[in-house]
>>> print(open('model10.pdb').read())   # PDB, C-alpha atoms
ATOM      1  CA  MET A 169     117.185 115.653 115.504  1.00  0.00           C
ATOM      2  CA  PRO A 170     115.370 115.384 112.207  1.00  0.00           C
ATOM      3  CA  ALA A 171     111.647 114.992 112.722  1.00  0.00           C
ATOM      4  CA  ASP A 172     111.478 111.956 110.442  1.00  0.00           C
ATOM      5  CA  ASP A 173     113.844 109.871 112.591  1.00  0.00           C
ATOM      6  CA  PRO A 174     112.254 106.763 114.099  1.00  0.00           C
ATOM      7  CA  HIS A 175     111.336 106.994 117.774  1.00  0.00           C
ATOM      8  CA  TRP A 176     113.760 104.192 118.750  1.00  0.00           C
ATOM      9  CA  LEU A 177     116.654 106.157 117.231  1.00  0.00           C
ATOM     10  CA  ASN A 178     115.887 109.256 119.307  1.00  0.00           C
ATOM     11  CA  ILE A 179     115.679 107.122 122.458  1.00  0.00           C
ATOM     12  CA  ALA A 180     119.002 105.413 121.662  1.00  0.00           C
ATOM     13  CA  ARG A 181     120.669 108.780 121.075  1.00  0.00           C
ATOM     14  CA  GLU A 182     119.418 110.092 124.406  1.00  0.00           C
ATOM     15  CA  LEU A 183     120.562 106.955 126.247  1.00  0.00           C
ATOM     16  CA  ARG A 184     123.994 107.279 124.623  1.00  0.00           C
ATOM     17  CA  ALA A 185     124.282 110.944 125.634  1.00  0.00           C
ATOM     18  CA  ILE A 186     123.276 110.221 129.248  1.00  0.00           C
ATOM     19  CA  ALA A 187     125.777 107.355 129.426  1.00  0.00           C
ATOM     20  CA  GLN A 188     128.586 109.355 127.854  1.00  0.00           C
ATOM     21  CA  THR A 189     128.077 112.351 130.148  1.00  0.00           C
ATOM     22  CA  GLY A 190     127.723 110.144 133.224  1.00  0.00           C
ATOM     23  CA  LEU A 191     130.907 108.214 132.418  1.00  0.00           C
ATOM     24  CA  THR A 192     132.745 111.515 132.003  1.00  0.00           C
ATOM     25  CA  PHE A 193     131.797 112.944 135.395  1.00  0.00           C
ATOM     26  CA  THR A 194     131.206 110.045 137.770  1.00  0.00           C
ATOM     27  CA  ALA A 195     133.792 108.981 140.307  1.00  0.00           C
ATOM     28  CA  ASP A 196     131.598 106.265 141.812  1.00  0.00           C
ATOM     29  CA  ARG A 197     132.282 102.747 140.544  1.00  0.00           C
ATOM     30  CA  PHE A 198     128.632 101.711 140.925  1.00  0.00           C
ATOM     31  CA  ASP A 199     127.444 104.689 138.889  1.00  0.00           C
ATOM     32  CA  ARG A 200     130.119 103.865 136.304  1.00  0.00           C
ATOM     33  CA  GLN A 201     128.615 100.360 135.964  1.00  0.00           C
ATOM     34  CA  ARG A 202     125.144 101.862 135.517  1.00  0.00           C
ATOM     35  CA  TYR A 203     126.346 104.273 132.813  1.00  0.00           C
ATOM     36  CA  GLU A 204     128.247 101.508 131.037  1.00  0.00           C
ATOM     37  CA  ARG A 205     125.050  99.460 131.031  1.00  0.00           C
ATOM     38  CA  LEU A 206     123.125 102.428 129.586  1.00  0.00           C
ATOM     39  CA  ARG A 207     125.726 102.633 126.800  1.00  0.00           C
ATOM     40  CA  GLU A 208     125.319  98.895 126.141  1.00  0.00           C
ATOM     41  CA  LEU A 209     121.531  99.304 125.956  1.00  0.00           C
ATOM     42  CA  ALA A 210     121.899 102.217 123.540  1.00  0.00           C
ATOM     43  CA  ALA A 211     124.196 100.098 121.347  1.00  0.00           C
ATOM     44  CA  LEU A 212     121.759  97.190 121.471  1.00  0.00           C
ATOM     45  CA  MET A 213     118.859  99.441 120.480  1.00  0.00           C
ATOM     46  CA  LEU A 214     120.885 100.916 117.606  1.00  0.00           C
ATOM     47  CA  ALA A 215     121.909  97.453 116.416  1.00  0.00           C
ATOM     48  CA  GLN A 216     118.401  96.037 116.548  1.00  0.00           C
ATOM     49  CA  GLY A 217     116.837  99.098 114.961  1.00  0.00           C
ATOM     50  CA  SER A 218     119.361  99.371 112.139  1.00  0.00           C
ATOM     51  CA  GLY A 219     120.110  95.703 111.543  1.00  0.00           C
ATOM     52  CA  ALA A 220     123.827  96.338 112.152  1.00  0.00           C
ATOM     53  CA  ASP A 221     126.140  94.297 114.375  1.00  0.00           C
ATOM     54  CA  TYR A 222     126.142  95.122 118.086  1.00  0.00           C
ATOM     55  CA  GLY A 223     129.916  94.846 118.660  1.00  0.00           C
ATOM     56  CA  PRO A 224     131.070  97.551 116.247  1.00  0.00           C
ATOM     57  CA  ILE A 225     128.336  99.907 117.419  1.00  0.00           C
ATOM     58  CA  LEU A 226     129.351  99.423 121.055  1.00  0.00           C
ATOM     59  CA  GLY A 227     132.944 100.094 120.022  1.00  0.00           C
ATOM     60  CA  ILE A 228     131.977 103.350 118.336  1.00  0.00           C
ATOM     61  CA  LEU A 229     129.952 104.489 121.341  1.00  0.00           C
ATOM     62  CA  GLY A 230     132.807 103.551 123.676  1.00  0.00           C
ATOM     63  CA  ALA A 231     135.279 105.614 121.653  1.00  0.00           C
ATOM     64  CA  ASP A 232     133.211 108.781 122.035  1.00  0.00           C
ATOM     65  CA  LYS A 233     134.613 110.423 125.162  1.00  0.00           C
ATOM     66  CA  GLY A 234     133.828 113.540 127.130  1.00  0.00           C
ATOM     67  CA  TYR A 235     130.701 115.544 127.692  1.00  0.00           C
ATOM     68  CA  ALA A 236     128.051 114.730 125.094  1.00  0.00           C
ATOM     69  CA  THR A 237     127.853 117.820 122.893  1.00  0.00           C
ATOM     70  CA  PRO A 238     126.977 118.384 119.260  1.00  0.00           C
ATOM     71  CA  LYS A 239     129.898 117.544 117.026  1.00  0.00           C
ATOM     72  CA  VAL A 240     130.879 119.869 114.218  1.00  0.00           C
ATOM     73  CA  ASP A 241     131.994 118.364 110.947  1.00  0.00           C
ATOM     74  CA  VAL A 242     134.237 120.394 108.713  1.00  0.00           C
ATOM     75  CA  ARG A 243     135.593 119.074 105.484  1.00  0.00           C
ATOM     76  CA  GLY A 244     138.665 120.332 103.720  1.00  0.00           C
ATOM     77  CA  ALA A 245     141.081 119.341 100.997  1.00  0.00           C
ATOM     78  CA  SER A 246     145.183 119.058 102.209  1.00  0.00           C
ATOM     79  CA  ASP A 247     147.907 118.614  99.157  1.00  0.00           C
ATOM     80  CA  GLU A 248     146.595 115.163  98.135  1.00  0.00           C
ATOM     81  CA  THR A 249     143.791 116.675  96.058  1.00  0.00           C
ATOM     82  CA  SER A 250     144.532 116.279  92.379  1.00  0.00           C
ATOM     83  CA  GLU A 251     141.515 118.127  90.996  1.00  0.00           C
ATOM     84  CA  VAL A 252     138.326 119.895  91.959  1.00  0.00           C
ATOM     85  CA  ALA A 253     135.046 119.991  90.055  1.00  0.00           C
ATOM     86  CA  PHE A 254     131.354 120.645  90.472  1.00  0.00           C
ATOM     87  CA  PHE A 255     128.882 117.935  89.521  1.00  0.00           C
ATOM     88  CA  PRO A 256     125.167 117.987  88.803  1.00  0.00           C
ATOM     89  CA  ARG A 257     123.077 116.365  91.495  1.00  0.00           C
ATOM     90  CA  ASP A 258     122.163 113.455  89.245  1.00  0.00           C
ATOM     91  CA  ALA A 259     125.721 112.810  87.996  1.00  0.00           C
ATOM     92  CA  LEU A 260     127.881 112.512  91.104  1.00  0.00           C
ATOM     93  CA  PRO A 261     131.182 110.641  90.889  1.00  0.00           C
ATOM     94  CA  PRO A 262     131.729 107.578  93.120  1.00  0.00           C
ATOM     95  CA  LEU A 263     131.535 108.670  96.763  1.00  0.00           C
ATOM     96  CA  SER A 264     133.833 107.864  99.642  1.00  0.00           C
ATOM     97  CA  LEU A 265     131.028 106.281 101.671  1.00  0.00           C
ATOM     98  CA  GLY A 266     133.016 106.380 104.883  1.00  0.00           C
ATOM     99  CA  ARG A 267     132.894 110.172 104.653  1.00  0.00           C
ATOM    100  CA  ILE A 268     129.645 111.099 102.902  1.00  0.00           C
ATOM    101  CA  THR A 269     126.597 109.373 101.490  1.00  0.00           C
ATOM    102  CA  ALA A 270     124.196 110.200  98.680  1.00  0.00           C
ATOM    103  CA  ALA A 271     121.475 110.760 101.308  1.00  0.00           C
ATOM    104  CA  GLN A 272     123.600 113.444 102.993  1.00  0.00           C
ATOM    105  CA  ILE A 273     124.163 115.194  99.676  1.00  0.00           C
ATOM    106  CA  ASP A 274     120.431 115.014  98.915  1.00  0.00           C
ATOM    107  CA  ARG A 275     119.725 116.557 102.316  1.00  0.00           C
ATOM    108  CA  MET A 276     122.097 119.448 101.553  1.00  0.00           C
ATOM    109  CA  PHE A 277     120.333 120.113  98.248  1.00  0.00           C
ATOM    110  CA  HIS A 278     117.008 120.023 100.099  1.00  0.00           C
ATOM    111  CA  HIS A 279     118.288 122.615 102.568  1.00  0.00           C
ATOM    112  CA  ALA A 280     119.582 124.787  99.697  1.00  0.00           C
ATOM    113  CA  GLN A 281     116.113 124.720  98.125  1.00  0.00           C
ATOM    114  CA  HIS A 282     114.404 125.409 101.467  1.00  0.00           C
ATOM    115  CA  PRO A 283     116.580 127.882 103.391  1.00  0.00           C
ATOM    116  CA  ASP A 284     113.916 128.263 106.089  1.00  0.00           C
ATOM    117  CA  LEU A 285     114.536 124.684 107.317  1.00  0.00           C
ATOM    118  CA  ALA A 286     116.127 124.287 110.728  1.00  0.00           C
ATOM    119  CA  ALA A 287     119.664 122.979 110.837  1.00  0.00           C
ATOM    120  CA  ASP A 288     120.110 119.205 111.084  1.00  0.00           C
ATOM    121  CA  PHE A 289     121.928 117.748 114.062  1.00  0.00           C
ATOM    122  CA  ASP A 290     122.658 114.129 114.832  1.00  0.00           C
TER     123      ASP A 290
END
>>> encode(input="model10.pdb", output="structure tokens")
Amino acid sequence: MPADDPHWLNIARELRAIAQTGLTFTADRFDRQRYERLRELAALMLAQGSGADYGPILGILGADKGYATPKVDVRGASDETSEVAFFPRDALPPLSLGRITAAQIDRMFHHAQHPDLAADFD
């Protein structure tokens, strides 16, 4: 987790991971209720901390199944790509914000300039 993340965000992430792992492995209905409640609390904390709506956040957390492990993101380009180009950092084309944000691109440039930085995980 990046060191500059707010404390509430780290707590919410940990609650989400505990809930997700517990829901994956529990067979007890009472434990399942407890883990579901932990997931709800994580969603509430994320909503309050970010100013986003609770419902969609809970939906996203509920869709994440299985043992809580780091997720790897790989990007590629299938036969729909019409052209490829490189852009200066200060002249990026419009971004597909559902896939990448300007802050993520800035972070990548920061890592390129400081190769001794630890990898980012979220």
>>> resolve_selection(input="model10.pdb", expression="the PyMOL selection byres ((chain A and resi 178-188) around 7)", output="MDAnalysis selection string")
chainID A and resid 174:177 189:192 203:204 206:207 210 213:214 233:236
>>> axis_aligned_box(input="model10.pdb", around="stretch 219-225 of chain A", padding_each_side="8 Å", output="AutoDock Vina command-line options")
--center_x 125.6 --center_y 97.1 --center_z 115.1 --size_x 27.0 --size_y 21.6 --size_z 23.1
>>> closest_residue(input="model10.pdb", among="A:Ala215, A:Ile273, A:Thr237, A:Asp196", to="A:Phe255", atoms="only C-alpha atoms")
A:Ile273
